[in-house]
Amino acid sequence: MFKLLLLSLLIFTTSCKGQEKTGTLPEPSSSHSVPTIIRSFEAVAIAPDFDTTLVSQYIRSIFQDSKGNLWFGTLGEGVVKYDVKTLTYFSNPDGFINNTVYAINEDKAGNLWFGTDQGVYKYDGKNFRNYNQKDGLNHIDITRKGILVDKSGKIWVGTHGGVYRYEPTADSFSLFQELPIMNVAGILEDSKGNIWFATSDKGVFLYDPSALLSGGKSITHFAEKEALGENYAGGIAEDQAGNIWFTFKNGICKYDPSASLRASGNAFTEYTAKDGLGGSEFWGIYIEESGIIWITARGSTTRFDPSLPLSKSDAFKVYTPADGLNCCVQSMYQDKSGNMWWGAGSGLHRFDGTRFYQVKKDGPW
């Protein structure tokens, strides 16, 4: 039964795997030695193209903790911890029972929180604690990028059936009733302390905690009528100027809060394939510290430099599987050293400035 369920999950990602040329990509030099593999279970090799040399075939989420360790959430192989010396796999034998890890975050006490298809897990460095329906999570399928630890330490969880908050005193979760029941696609706390919820069915919601103190309106809803484009926001990010960026089915959208305060200003700016974005059905968005914006879509990944005029040919650079990155990008992350990581339907990837290359168990890390 487990194999049948996992196989159904793999059908979509396997179908868009693309024509990869393994071994033909340039591999930059690395000073890191090959890590020791630690795992107490066998890989579930179901798909005919399952490559056991990869960290995992499908990397759903990426995170770096406060100690510098990298964590990779997988489909079918639990969560993987990389600390340079070892590559440790945690799954069923360790009390981490799930099929897919969609989100990873860390609280102020150093606990790791994982959003999975079997609820939320807290890892204190020794043991895993699972939270599900009995702990107030009526929906246990946590969404991609669906865990946020805000500046005050509150833990927010996005599901396919609404938003939940962790109540530390009761050690359980409760539904955040200020928001409607919705399919959450991402949660973000901006530089002003506002919390944004991107959804795949109801546009975007802004929660302003400070408004509660002044008796103002704490929830603002942005949908198609506010020029969001479509009521589908699969990704969300903030740039250094305080603009909030969303993905929607036809491209990406920038929201300028300062423009929204001006009576004549249009707060929303859309970018589509006509402007230079590659692919279709846009999924994810990530903004580097440098300001470079990466956008993932079916068939390609686009590098966008918003500091350049759109008329410049190099404002948008589109990468396809021919450039070394599988079409099905499922996660993006920049670590504390400035390295960009991608998780896709062909494992873990890095970028050397020109092309993408696979990072396998033995590197190059």
# chains A, B, ... in the order shown; residues from 1 in each chain; ligands from 1
>>> select_by_dssp(residues="stretch 174-328 of chain A", states="alpha helix (DSSP H)", output="list in words")
Ser210, Ala211, Leu212, Leu213, Ser214, Pro257, Ser258, Ala259 and Ser260 of chain A
>>> select_by_dssp(residues="stretch 53-276 of chain A", states="strand (DSSP E or B)", output="ChimeraX atom specification")
/A:54,59-64,70-75,79-82,86-90,100-106,112-117,119-123,128-131,142-149,155-159,162-167,172-175,184-189,195-199,204-207,219-222,236-238,244-248,251-255,268-272
>>> closest_residue(among="A:Ile37, A:Thr269, A:Ser152, A:Met340", to="A:Lys85", atoms="only C-alpha atoms")
A:Ile37
>>> residues_around(residues="A:Lys192", least_positions_apart="6", cutoff="12 Å", atoms="only C-alpha atoms", output="list of chain:residue names")
A:Asp150, A:Lys151, A:Leu206, A:Tyr207, A:Asp208, A:Pro209, A:Ser210, A:Glu238, A:Gln240, A:Ala241, A:Gly242, A:Asn243, A:Ile244, A:Pro257
>>> write_last_selection(atoms="N, CA and C atoms", output="CSV table (one decimal), in the first residue's frame")
chain,number,residue,atom,x,y,z
A,150,ASP,N,7.9,33.7,13.6
A,150,ASP,CA,8.0,35.1,13.4
A,150,ASP,C,9.0,35.7,14.4
A,151,LYS,N,9.2,37.0,14.4
A,151,LYS,CA,10.2,37.7,15.2
A,151,LYS,C,9.9,37.6,16.7
A,206,LEU,N,-2.9,39.9,4.2
A,206,LEU,CA,-1.9,40.6,5.0
A,206,LEU,C,-2.5,40.7,6.4
A,207,TYR,N,-1.7,40.2,7.4
A,207,TYR,CA,-2.1,40.3,8.8
A,207,TYR,C,-1.2,41.3,9.5
A,208,ASP,N,-1.7,42.4,10.0
A,208,ASP,CA,-1.0,43.4,10.7
A,208,ASP,C,-1.3,43.3,12.2
A,209,PRO,N,-0.4,42.7,13.0
A,209,PRO,CA,-0.6,42.5,14.5
A,209,PRO,C,-0.7,43.8,15.2
A,210,SER,N,0.0,44.9,14.7
A,210,SER,CA,-0.1,46.2,15.4
A,210,SER,C,-1.4,46.8,15.3
A,238,GLU,N,10.1,39.1,-0.2
A,238,GLU,CA,10.2,40.5,0.0
A,238,GLU,C,11.6,41.0,-0.4
A,240,GLN,N,14.7,44.1,-0.7
A,240,GLN,CA,15.3,45.0,0.3
A,240,GLN,C,14.6,46.3,0.4
A,241,ALA,N,13.9,46.7,-0.6
A,241,ALA,CA,13.1,48.0,-0.6
A,241,ALA,C,11.8,47.9,0.1
A,242,GLY,N,11.4,46.6,0.5
A,242,GLY,CA,10.2,46.4,1.2
A,242,GLY,C,9.0,46.1,0.2
A,243,ASN,N,9.3,45.9,-1.1
A,243,ASN,CA,8.3,45.4,-2.0
A,243,ASN,C,8.0,43.9,-1.8
A,244,ILE,N,6.7,43.5,-1.9
A,244,ILE,CA,6.4,42.1,-1.8
A,244,ILE,C,6.1,41.6,-3.1
A,257,PRO,N,4.1,48.8,-1.3
A,257,PRO,CA,3.3,49.4,-0.2
A,257,PRO,C,3.3,50.9,-0.2
>>> closest_residue(among="A:Ser172, A:Asn99, A:Ser337, A:Asn326", to="A:Arg129", atoms="only C-alpha atoms")
A:Ser172
>>> residues_around(residues="A:Gly125", least_positions_apart="6", cutoff="9 Å", atoms="only C-alpha atoms", output="list in words")
Gly110, Asn111 and Leu112 of chain A
>>> residues_around(residues="A:Trp71", least_positions_apart="6", cutoff="8 Å", atoms="only C-alpha atoms", output="list in words")
Ile62, Phe63, Gln64, Asp65, Val79, Val80, Lys81, Tyr82 and Ile104 of chain A
>>> atom_distance(atom1="atom CA of A:Tyr131", atom2="atom CA of A:Ala103")
14.4 Å
>>> residues_around(residues="A:Arg39", least_positions_apart="6", cutoff="8 Å", atoms="only C-alpha atoms", output="list in words")
Thr88, Tyr89 and Phe90 of chain A
>>> atom_distance(atom1="atom CA of A:Glu288", atom2="atom CA of A:Met332")
10.0 Å
>>> residues_around(residues="A:Phe205", least_positions_apart="3", cutoff="9 Å", atoms="only C-alpha atoms", output="list in words")
Leu179, Ile195, Trp196, Phe197, Ala198, Thr199, Lys202, Ile219, Thr220, His221, Phe222 and Ala223 of chain A
>>> atom_distance(atom1="atom CA of A:Ser258", atom2="atom CA of A:Asp314")
27.8 Å
